[in-house]
Structures are given as structure tokens and as C-alpha cells.
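Reading through the C-alpha cells given below for one structure.
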Protein chains: 2
Amino acid sequence: MGSFLEAAARVVPLDQAAADEAEALQDRLTKPRGALGRLEDLGIRLAAIAGQCPPPQPAPVAVAVFAADHGVVASGVTPWPAEVTTQMVANFCAGGAAINVIARQVGADVLVVDVGVSSELEPRPGLLLAKVRPGTANLGVEDAMTVAEANAALDVGASVAADMVAAGARCLVTGDMGIGNTTASAALIAALTGRPVALVTGRGTGIDDGMLARKVSVIEDALARMAAAGVGPDDPIRLLAGVGGLEIAALAGFVVGAAAARVPVVIDGVIAAAGALVASALVESARGYCIAGHRSSEPGASAVLEHLGLDPIFDLAMRLGEGSGACLAIPVVQAAARILAEMATFDSAGVTDKDI
Amino acid sequence: MGSFLEAAARVVPLDQAAADEAEALQDRLTKPRGALGRLEDLGIRLAAIAGQCPPPQPAPVAVAVFAADHGVVASGVTPWPAEVTTQMVANFCAGGAAINVIARQVGADVLVVDVGVSSELEPRPGLLLAKVRPGTANLGVEDAMTVAEANAALDVGASVAADMVAAGARCLVTGDMGIGNTTASAALIAALTGRPVALVTGRGTGIDDGMLARKVSVIEDALARMAAAGVGPDDPIRLLAGVGGLEIAALAGFVVGAAAARVPVVIDGVIAAAGALVASALVESARGYCIAGHRSSEPGASAVLEHLGLDPIFDLAMRLGEGSGACLAIPVVQAAARILAEMATFDSAGVTDKDI
């Protein structure tokens with residue numbers, strides 16, 4: 001359990017002095033005050049994350065795609081066969097998936113992490129074998145994993161983040177793959193935000209009304225089981241073990257690992273949102289290191305954004321996961337930092353400020 | 001008048017066959033159908049623009065920042081002195097403005113075009129001297145320019161686009177600089193969309209209530225003068241001459257030039273929107289080649305997006321102009337093309353499609 005707890009102990013609140021300095025600098029740059037809108041807010045947050053102004057460039061960028069299987073597929077919550085998780089891991093390693101294409105576009109590296117794929121995977125370049133167990137149990141009928149397994153998956157995530165930063169990364173991106181993982185995410189989101197299951201459960205990869213009703217019912221049963229066992233939002237680790245996923249646990253650890261290293265972590269869709277929600281429940285200050293890449297069309301993602309007070313960079317109605325939406329937002333994050341580092345001031349450029 | 005009219009004659013409607021091919025290809029890529037949301041629509045449009053599937057990569061990217069002054073500043077519509085236009089041109093040429101920083105981030109080249117700056121500018125690298133006249137007359141009291149001057153500015157824009165494409169650019173970005181230009185833009189937008197002046201006029205670089213009321217009143221007077229002269233939305237050239245700006249005319253020519261070359265042109269904020277609106281009024285098919293980079297916080301920009309049926313990539317509450325918001329959207333445009341060109345299909349990757 002070393003990696004996660006060590007990381008958690010190192011997370012400090014955002015640096016308000018650096019944020020104030022960045023805010024003052026924004027007003028001296030050669031543009032009308034506030035004219036870069038939320039790009040200015042983002043630059044200020046990057047300064048607060050790094051504890052310096054101007055903030056360092058958030059590059060190189062590393063994407064971690066945590067992959068795992070979910071026992072809940074046996075309850076009929078998705079039309080995709082579970083073997084697709086393994087097939088997509090191969091696709092990631094071969095560079096043919098959406099996240100590979102988008103990562104190439106923005107100059108990010110992709111590491112695929114097997115934290116719980118059902119099948120035994122062969123070593124491959126770009127694939128980290130860190131399986132905690134071969135898929136979760138069916139959260140619809142029993143706990144998805146043990147608390148020890150949840151902690152082990154948190155450790156995997158935290159140590160991947162630490163290793164990426166040690167290798168030079170200065171911006172991390174959350175990725176995920178796992179057939180059935182929108183079910184586990186919705187369960188965690190309902191439990192930790194207190195919202196009704198039906199309002200945070202979406203169609204995932206695209207399911208019909210009947211399957212959606214079954215998915216909601218499976219999650220409601222699981223949460224009733226947790227409630228009967230006395231497990232509520234004040235016990236995020238037991239919730240994670242009870243209704244979570246191995247990749248979601250790893251994502252939570254990854255977020256905390258990024259925060260510990262004072263590096264921004266760009267959050268993707270609903271799976272990553274569930275991970276960030278767990279991270280924030282475990283280590284409150286980790287939240288400030290999260291940048292929401294986009295607003296997924298999955299309703300649970302919006303519930304988390306609101307709960308954590310995160311304002312997403314994009315809303316392109318994406319719902320793929322893999323880190324695709326977060327990765328697409330990287331150039332905006334980098335531009336926000338670059339504005340503070342490279343723009344001329346009214347004084348330096350000899351531009352007349354407005355007559356106030 | 002050669003460049004613009006030649007370009008206008010070469011604009012063809014979007015290629016529906018290429019769009020259909022791209023749409024079918026999206027459904028074979030290794031992702032749930034539709035899971036990339038509007039990124040898929042954007043890829044389909046790029047195929048329609050280029051007339052091929054997959055579409056060519058929209059790179060290299062060239063930004064044209066058309067700069068001009070506005071006689072209407074004499075009517076007290078902005079707190080910024082007119083000399084700032086000239087100072088900002090120097091800032092662009094020195095690389096210190098927001099557009100320079102964002103262009104460096106996304107790997108785009110920036111060309112500043114003097115199409116009507118009041119002062120005499122010295123030749124500098126990165127600056128094209130193509131002044132039609134040294135600023136417009138005050139649109140609040142008389143026509144901003146003659147029809148011949150409006151046509152000359154359209155020519156400048158069309159020929160800049162043609163030259164950029166001839167030099168290798170495969171994606172163009174609209175930029176603008178001109179103290180007073182949100183007033184001219186709002187006037188054109190009100191006249192061409194038929195919306196009330198008060199609803200399409202914003203605070204530009206940041207003006208108080210009194211100045212905003214004066215700005216609305218100046219525009220209303222100008223449009224009353226045009227109406228009295230019998231000039232309406234069916235005569236966009238005379239409207240452009242009466243209440244437009246030299247950079248707005250050049251932007252309209254630039255959009256048509258991009259369309260003639262079948263290259264996507266990414267539209268920035270309210271000034272570019274006014275230019276695209278004029279372009280579309282002059283050459284209806286040019287509209288399809290426009291990609292809205294972002295939703296500016298200026299109300300006139302949203303009016304144009306709705307009028308032209310454009311769905312912006314971002315909404316970051318930006319209102320700087322210069323091409324800053326459009327340039328920030330470039331990696332998304334490029335990712336959309338790359339998805340179609342580089343993603344594996346279910347067949348090629350050996351991934352099982354969902355059980356429908």
C-alpha cells in the first residue's frame with residue numbers, strides 16, 4: 001500500500017500566492033483584461049498547481065490507459081462482449097485506437113496499464129503488466145473486489161503517476177478501457193454524490209432502453225447491498241471495493257499521484273470522473289490538480305464535474321473514454337501556460353493601455 | 001477586383017459523396033458508433049470540403065491577421081485610443097501578442113496584413129503592406145468607404161488566401177485587429193441577420209453601460225442612413241462599404257479565397273463572424289468551408305453562428321480576436337481529420353463489434 005499512502009501524504013493545497021501573481025500578470029499582458037476568458041483562469045490554476053508564476057509548460061504529456069474487466073457484464077449491462085477489453089488493449093499497443101491517434105496529434109505518450117484484464121496478456125512495448133486480479137466480481141451480486149485489492153489498484157495508479165513524472169512528464173492524462181466500466185462508475189458516482197442512480201446512469205457505448213433499465217436496477221441493488229452493510233460515502237475505500245472497478249481505483253491513485261507531484265492531471269469522461277471523485281473523497285486537496293478535459297455526454301460525468309466544481313474545456317458530445325476527450329484538450333492547457341510565459345506586457349511592448 | 005471575383009467563381013458546393021464515404025468509415029472504426037460525437041461530424045465535413053475521404057491533414061496552418069482602423073472611434077465607442085491598432089501590429093510582428101503565442105503552440109504561421117491601418121507602416125518580416133486606405137471614415141455619420149474600396153479589400157483577402165494555399169497552407173485561420181471593429185461588425189451583423197442592434201452589440205474590449213448605449217445608438221443611426229438610401233441585406237457590398245471595416249471586407253474575401261481552394265477556414269470571433277457572414281451573403285456556398293473555432297462572448301458572434309448554422313468547437317468565454325480562439329481550435333480540427341486517416345477498423349484490428 002506504499003505508493004498511494006505516500007502520495008496522499010505529500011498532497012498540498014494549491015499555492016494561492018502563485019495564483020494571485022498569475023492573476024495580476026494576466027492584467028498586464030497586451031490584451032483587454034479578461035479577454036482570454038477561461039484560458040486566463042486555466043493559466044492561473046496551472047500557476048497554483050506548480051506553485052510558480054509563470055507556470056512551467058505542461059509538457060511532456062503522458063497518458064495512462066488503465067484497462068480492466070468487470071464481472072457485472074454477466075448481468076447484461078452492455079451489448080459488447082468482455083473479450084473486447086483484451087482486443088482493445090492490443091489495438092492500443094498497435095497504435096490504432098482513437099487515443100493513439102489523438103495522442104500523436106498532441107505529442108503525448110501513451111502507456112497501457114493492465115490493472116485487471118481478465119485474460120493473461122503477453123508483454124509488449126507500451127504495456128505495463130500490473131494486474132491486481134483478472135477482472136472484478138459481479139458488483140450486482142457481491143463485492144467487486146476486496147479492500148486489499150482496491151488498495152493495491154490505488155497503488156498501481158499512484159506509482160504509474162510517480163514513474164511518469166520521474167521520467168519527465170509534466171502533464172498527465174487519465175485513460176481507461178473496460179467493457180462494463182460505465183456501470184461501476186455510475187454506482188460510485190451515485191454513492192459518492194448522493195444523486196439518484198437513474199440520473200447518473202447513461203447509455204455508455206450505446207444501449208437500448210431495456211438494457212438501460214436493467215443497468216439502473218443492477219446498480220440500485222448493489223447500492224442497497226452497500227447500505228445494508230452500513231457502507232456510505234464516508235467510507236470511499238469500501239465503496240470502491242464494493243461497487244468499483246480496478247481501473248477506476250487505479251485512476252483514483254493516479255490522480256493523487258499527480259497531485260503529489262504537483263503536476264496537472266487532465267480528466268477524461270465518466271470513468272475518469274469516477275476516479276477523480278474517489279481521489280477527492282480520499283484526499284480532498286487532490287481535486288485542485290484536476291483539469292476537466294471535456295464534458296462527456298454520459299450524465300454521471302456532469303454530476304461529478306458539478307460536485308467537484310470543475311468546468312470542462314470542451315463539450316463535443318464525446319463518450320468514448322480511453323482518455324480521448326482529455327487528450328484533445330491538451331493544447332488548450334499548454335496554451336494557457338504559454339500565454340503567461342510568453343505574451344508581452346503593455347509596458348514591454350509599448351502598447352497604450354485603455355483609458356479607464 | 002480580379003482576385004475576389006475569380007475566387008467567387010471557383011467556389012463549389014461541398015462534396016456530398018465524400019461526406020457519405022466519411023460517415024460510413026466512422027462507423028467501421030474501433031469505437032462505439034458516434035462515440036467521438038462532434039469530432040466525427042467535423043471529420044465528415046473536412047472530407048466534404050476536400051472532396052476526398054479520408055480528408056487530407058489540415059496542415060500546415062496559416063493565420064492572417066487583417067489590421068485596419070475605424071473612423072467610428074471618433075464617436076466614442078471604445079476607451080482604447082486608435083493608435084493601439086498600430087502598436088499591436090508591432091506587437092504581432094515582434095511575436096508578443098496572444099495570437100503569436102497560440103500560433104506557436106499549434107504550429108501555425110502568422111501573417112499580419114495592413115489592409116487599412118491609419119498610420120504609415122514600415123516594411124517588416126511577417127507584415128504584408130496592402131493598405132486600401134488609411135482607416136475608414138466614421139460610419140456613424142457617413143459611408144465607411146466606397147464600394148470600390150470595399151471591393152479592393154475583398155481582393156486583398158482573397159489574394160492572401162490564394163497565396164497562402166499556393167505556399168502550402170492547407171488550413172486557414174481568420175485573424176483581425178482594429179480598434180473600433182466590434183462596432184462595424186455589429187452594424188453588419190444587425191443589417192445582414194435582421195436582428196435588433198441592441199441584441200448583437202456587445203462590450204467589445206470592455207466598455208461601460210454609457211458607452212454601450214452610445215455604441216448601439218451610433219449603429220442604429222448608421223443603419224437608418226443605409227435604409228434611407230435603400231440599401232438592405234440583398235446588397236451586401238453596399239452594406240459593407242456603408243458600415244463595414246476594411247479588415248472585415250478582407251476577411252470576407254479571405255473566406256471566399258479559402259473556399260475557392262477547397263481548404264477549411266477556421267473562424268474566430270465577432271469580427272471574423274461578420275466577415276464570414278458577408279462572404280456567405282456574397283457567395284452562398286462559401287459557408288460550408290467555414291469551421292467555427294469558438295463561441296466568442298460577444299453577442300453578435302452567436303447571432304452569426306446561428307444564422308450560418310455553425311456549431312463552434314469551444315466556448316471559453318474568449319473575446320480577444322486576433323484569431324486567438326480559432327487558432328486554439330486547430331488541434332481539434334487536425335485530430336478530426338487524423339481519426340479518419342489513422343484509426344483502425346473493427347476488421348483490421350480484429351476487434352469484435354457489438355452484438356446489435
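Just remember, in the C-alpha cells the first chain shown is A, the second B, etc., residues are 1-based per chain, and ligands are 1-based in the order shown.
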Please identify all polymer residues within 12 Å of Leu282 (chain B), counting only C-alpha atoms, omitting same-chain residues fewer than 4 positions from it, and present them as a list in words.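 The filter keeps Phe4, Leu5, Ala7, Ala8, Ala9, Val11, Asn151, Leu154, Leu192, Pro233, Asp234, Asp235, Pro236, Ile237, Arg238, Leu239, Leu240, Ala249, Ala252, Gly253, Val255, Val256, Gly275, Ala276, Leu277, Val278, Ala286 and Arg287 of chain B.
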Determine, using only C-alpha atoms, which residues of chain A have any atom at most 6 Å from an atom of chain B, and tabulate each with its shortest atom pair and distance in Å to one decimal place, rows ordered by chain and then rising number, as CSV.
```
residue,atom,partner,partner_atom,distance
A:Pro32,CA,B:Thr205,CA,5.5
A:Ala35,CA,B:Leu320,CA,4.9
A:Leu36,CA,B:Met318,CA,4.6
A:Gly37,CA,B:Met318,CA,4.5
A:Arg38,CA,B:Leu316,CA,5.1
A:Pro79,CA,B:Asp355,CA,5.4
A:Trp80,CA,B:Lys354,CA,4.6
A:Gln87,CA,B:Val351,CA,5.5
A:Gly96,CA,B:Ala344,CA,4.6
A:Ala97,CA,B:Met343,CA,5.6
A:Ile102,CA,B:Ala335,CA,5.9
A:Thr205,CA,B:Pro32,CA,5.5
A:Phe314,CA,B:Phe314,CA,5.9
A:Leu316,CA,B:Arg38,CA,5.1
A:Ala317,CA,B:Gly37,CA,4.7
A:Met318,CA,B:Gly37,CA,4.5
A:Arg319,CA,B:Ala35,CA,5.0
A:Leu320,CA,B:Ala35,CA,4.9
A:Ala335,CA,B:Ile102,CA,5.9
A:Met343,CA,B:Gly96,CA,4.9
A:Ala344,CA,B:Gly96,CA,4.6
A:Val351,CA,B:Gln87,CA,5.5
A:Lys354,CA,B:Trp80,CA,4.6
A:Asp355,CA,B:Pro79,CA,5.4
```
Extract the full set of strand (DSSP E or B) residues from region 144-344 of chain B according to DSSP on the backbone, and format it as a list of chain:residue names. B:Cys171, B:Leu172, B:Val173, B:Thr174, B:Gly175, B:Asp176, B:Met177, B:Val265, B:Val266, B:Ile267, B:Cys290, B:Ile291, B:Ala292, B:His294, B:Phe314
Got a sec: who's within 12 Å of Leu246 (chain A), counting only C-alpha atoms, leaving out chain neighbours fewer than 6 positions off, as a ChimeraX atom specification? /A:66-71,113-118,130-137,139,144-157,176-178,180-181,184-185,240,252-253,271,274-275
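Using only C-alpha atoms, the shortest contact distance between Glu306 (chain B) and any of B:Gly323, B:Gly293, B:Thr193, B:Ala261 is found at B:Thr193.
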List as an MDAnalysis selection string the protein and nucleic acid residues near region 42-48 of chain B, meaning an atom at most 9 Å away when only C-alpha atoms are counted, but skip any in the same chain fewer than 6 places from it. chainID B and resid 13:23 26 54:56 58 263:264 288:289 291 332:340
Please list as a PyMOL selection string every residue within 7 Å of Pro299 (chain A), counting only C-alpha atoms and excluding residues in the same chain fewer than 5 positions away. chain A and resi 199-202
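The environment of Ala213 (chain A) within 12 Å, counting only C-alpha atoms and disregarding residues fewer than 2 places along the same chain, consists of Ser75, Gly76, Val77, Thr78, Thr183, Val197, Ala198, Leu199, Thr201, Gly202, Arg203, Ile207, Asp208, Asp209, Gly210, Met211, Lys215, Val216, Ser217, Val218, Ile219 and Glu220 of chain A.
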Neighbouring residues of Val165 (chain A) were defined as those with any atom within 10 Å, considering only C-alpha atoms; residues of the same chain fewer than 5 positions away were excluded. Please report them as a VMD selection string. chain A and resid 60 to 62 159 to 160 170 to 172 257 to 258 261 to 263
Quote the spacing between CA of Gly300 (chain B) and CA of Ala190 (chain B) in Å to one decimal place.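 That distance, rounded to one decimal, is 8.1 Å.
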What is the distance, in Å and to one decimal place, between CA of Ala272 (chain A) and CA of Arg10 (chain A)?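 Atom-to-atom, CA of Ala272 (chain A) and CA of Arg10 (chain A) are spaced 21.6 Å apart.
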Would you mind writing down, as JSON, numbers by chain, each residue of region 23-253 of chain A that DSSP on the backbone assigns to helix (DSSP H, G or I)? {"A": [23, 24, 25, 26, 38, 39, 40, 41, 42, 43, 44, 45, 46, 47, 48, 49, 50, 71, 72, 73, 74, 75, 83, 84, 85, 86, 87, 88, 89, 90, 91, 92, 93, 94, 98, 99, 100, 101, 102, 103, 104, 105, 106, 147, 148, 149, 150, 151, 152, 153, 154, 155, 156, 157, 158, 159, 160, 161, 162, 163, 164, 165, 166, 181, 182, 183, 184, 185, 186, 187, 188, 189, 190, 191, 192, 193, 197, 198, 199, 200, 209, 210, 211, 212, 213, 214, 215, 216, 217, 218, 219, 220, 221, 222, 223, 224, 225, 226, 227, 228, 236, 237, 238, 239, 240, 241, 242, 243, 246, 247, 248, 249, 250, 251, 252, 253]}
Those same residues, written as an mmCIF file, in the first residue's frame with C-alpha atoms?
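What ended up in result22.cif:
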```
data_model
loop_
_atom_site.group_PDB
_atom_site.id
_atom_site.type_symbol
_atom_site.label_atom_id
_atom_site.label_comp_id
_atom_site.auth_asym_id
_atom_site.auth_seq_id
_atom_site.Cartn_x
_atom_site.Cartn_y
_atom_site.Cartn_z
ATOM 1 C CA GLU A 23 -3.897 36.825 -11.918
ATOM 2 C CA ALA A 24 -2.024 40.119 -11.642
ATOM 3 C CA LEU A 25 0.201 39.179 -14.594
ATOM 4 C CA GLN A 26 -2.832 38.386 -16.780
ATOM 5 C CA ARG A 38 -11.436 30.823 -19.206
ATOM 6 C CA LEU A 39 -7.990 30.429 -20.756
ATOM 7 C CA GLU A 40 -6.878 33.018 -18.195
ATOM 8 C CA ASP A 41 -8.446 31.056 -15.333
ATOM 9 C CA LEU A 42 -6.709 27.932 -16.555
ATOM 10 C CA GLY A 43 -3.328 29.684 -16.585
ATOM 11 C CA ILE A 44 -3.913 30.906 -13.062
ATOM 12 C CA ARG A 45 -4.732 27.392 -11.926
ATOM 13 C CA LEU A 46 -1.603 25.990 -13.582
ATOM 14 C CA ALA A 47 0.426 28.532 -11.595
ATOM 15 C CA ALA A 48 -1.350 27.460 -8.401
ATOM 16 C CA ILE A 49 -0.673 23.785 -9.194
ATOM 17 C CA ALA A 50 3.019 24.259 -9.890
ATOM 18 C CA GLY A 71 -17.814 -9.102 -13.570
ATOM 19 C CA VAL A 72 -21.014 -7.091 -13.876
ATOM 20 C CA VAL A 73 -21.153 -7.774 -17.626
ATOM 21 C CA ALA A 74 -22.707 -11.115 -16.614
ATOM 22 C CA SER A 75 -25.779 -9.139 -15.535
ATOM 23 C CA GLU A 83 -13.228 -10.019 -24.784
ATOM 24 C CA VAL A 84 -13.275 -6.560 -26.378
ATOM 25 C CA THR A 85 -11.255 -5.245 -23.419
ATOM 26 C CA THR A 86 -8.378 -7.557 -24.352
ATOM 27 C CA GLN A 87 -8.796 -6.837 -28.076
ATOM 28 C CA MET A 88 -8.717 -3.096 -27.442
ATOM 29 C CA VAL A 89 -5.544 -3.426 -25.358
ATOM 30 C CA ALA A 90 -3.963 -4.987 -28.445
ATOM 31 C CA ASN A 91 -5.365 -2.154 -30.561
ATOM 32 C CA PHE A 92 -3.854 0.438 -28.167
ATOM 33 C CA CYS A 93 -0.488 -1.306 -28.297
ATOM 34 C CA ALA A 94 -0.639 -1.340 -32.096
ATOM 35 C CA ALA A 98 -8.680 6.829 -31.030
ATOM 36 C CA ILE A 99 -6.480 7.637 -28.044
ATOM 37 C CA ASN A 100 -3.360 6.719 -30.046
ATOM 38 C CA VAL A 101 -4.395 8.981 -32.902
ATOM 39 C CA ILE A 102 -5.242 11.922 -30.654
ATOM 40 C CA ALA A 103 -2.095 11.438 -28.576
ATOM 41 C CA ARG A 104 0.002 11.569 -31.745
ATOM 42 C CA GLN A 105 -1.799 14.775 -32.705
ATOM 43 C CA VAL A 106 -0.883 16.475 -29.437
ATOM 44 C CA VAL A 147 -10.426 -3.736 0.211
ATOM 45 C CA ALA A 148 -6.863 -5.040 -0.120
ATOM 46 C CA GLU A 149 -7.332 -5.339 -3.885
ATOM 47 C CA ALA A 150 -8.775 -1.824 -4.060
ATOM 48 C CA ASN A 151 -5.735 -0.547 -2.195
ATOM 49 C CA ALA A 152 -3.417 -2.463 -4.491
ATOM 50 C CA ALA A 153 -5.082 -0.859 -7.536
ATOM 51 C CA LEU A 154 -4.751 2.595 -5.920
ATOM 52 C CA ASP A 155 -1.048 1.799 -5.515
ATOM 53 C CA VAL A 156 -0.720 0.870 -9.175
ATOM 54 C CA GLY A 157 -2.201 4.210 -10.216
ATOM 55 C CA ALA A 158 -0.106 6.249 -7.827
ATOM 56 C CA SER A 159 3.087 4.515 -8.841
ATOM 57 C CA VAL A 160 2.354 4.907 -12.573
ATOM 58 C CA ALA A 161 1.929 8.660 -11.982
ATOM 59 C CA ALA A 162 5.157 8.839 -9.977
ATOM 60 C CA ASP A 163 7.069 6.893 -12.618
ATOM 61 C CA MET A 164 5.749 9.101 -15.424
ATOM 62 C CA VAL A 165 6.784 12.267 -13.596
ATOM 63 C CA ALA A 166 10.160 10.728 -12.768
ATOM 64 C CA ASN A 181 -16.994 0.179 -16.630
ATOM 65 C CA THR A 182 -19.731 2.789 -17.023
ATOM 66 C CA THR A 183 -21.834 0.622 -14.684
ATOM 67 C CA ALA A 184 -19.207 0.630 -11.942
ATOM 68 C CA SER A 185 -18.626 4.363 -12.499
ATOM 69 C CA ALA A 186 -22.311 5.217 -12.185
ATOM 70 C CA ALA A 187 -22.551 3.156 -8.997
ATOM 71 C CA LEU A 188 -19.647 5.039 -7.408
ATOM 72 C CA ILE A 189 -20.946 8.400 -8.606
ATOM 73 C CA ALA A 190 -24.433 7.776 -7.211
ATOM 74 C CA ALA A 191 -22.968 6.600 -3.899
ATOM 75 C CA LEU A 192 -20.467 9.455 -3.506
ATOM 76 C CA THR A 193 -22.592 12.353 -4.790
ATOM 77 C CA VAL A 197 -28.921 6.163 -9.796
ATOM 78 C CA ALA A 198 -31.269 6.846 -12.701
ATOM 79 C CA LEU A 199 -29.894 10.376 -13.076
ATOM 80 C CA VAL A 200 -26.216 9.404 -13.225
ATOM 81 C CA ASP A 209 -33.993 1.330 -23.119
ATOM 82 C CA GLY A 210 -34.408 -2.201 -21.788
ATOM 83 C CA MET A 211 -30.712 -2.635 -21.118
ATOM 84 C CA LEU A 212 -30.531 0.827 -19.534
ATOM 85 C CA ALA A 213 -33.363 -0.110 -17.152
ATOM 86 C CA ARG A 214 -31.506 -3.309 -16.226
ATOM 87 C CA LYS A 215 -28.276 -1.352 -15.671
ATOM 88 C CA VAL A 216 -30.035 1.067 -13.312
ATOM 89 C CA SER A 217 -31.664 -1.815 -11.455
ATOM 90 C CA VAL A 218 -28.341 -3.684 -11.061
ATOM 91 C CA ILE A 219 -26.719 -0.543 -9.628
ATOM 92 C CA GLU A 220 -29.629 0.125 -7.272
ATOM 93 C CA ASP A 221 -29.382 -3.425 -5.947
ATOM 94 C CA ALA A 222 -25.646 -3.025 -5.424
ATOM 95 C CA LEU A 223 -26.060 0.240 -3.536
ATOM 96 C CA ALA A 224 -28.822 -1.280 -1.405
ATOM 97 C CA ARG A 225 -26.392 -4.065 -0.502
ATOM 98 C CA MET A 226 -23.745 -1.493 0.473
ATOM 99 C CA ALA A 227 -26.266 0.448 2.545
ATOM 100 C CA ALA A 228 -27.367 -2.719 4.292
ATOM 101 C CA PRO A 236 -14.832 5.590 -0.071
ATOM 102 C CA ILE A 237 -12.421 2.650 0.045
ATOM 103 C CA ARG A 238 -15.133 0.186 0.974
ATOM 104 C CA LEU A 239 -17.430 1.685 -1.671
ATOM 105 C CA LEU A 240 -14.648 1.348 -4.224
ATOM 106 C CA ALA A 241 -14.165 -2.289 -3.277
ATOM 107 C CA GLY A 242 -17.888 -2.947 -3.217
ATOM 108 C CA VAL A 243 -19.056 -1.392 -6.490
ATOM 109 C CA LEU A 246 -9.890 -1.966 -10.803
ATOM 110 C CA GLU A 247 -9.163 0.714 -13.422
ATOM 111 C CA ILE A 248 -11.283 3.231 -11.507
ATOM 112 C CA ALA A 249 -9.289 2.547 -8.355
ATOM 113 C CA ALA A 250 -6.062 2.905 -10.333
ATOM 114 C CA LEU A 251 -7.320 6.198 -11.800
ATOM 115 C CA ALA A 252 -8.011 7.496 -8.295
ATOM 116 C CA GLY A 253 -4.466 6.579 -7.318
#
```
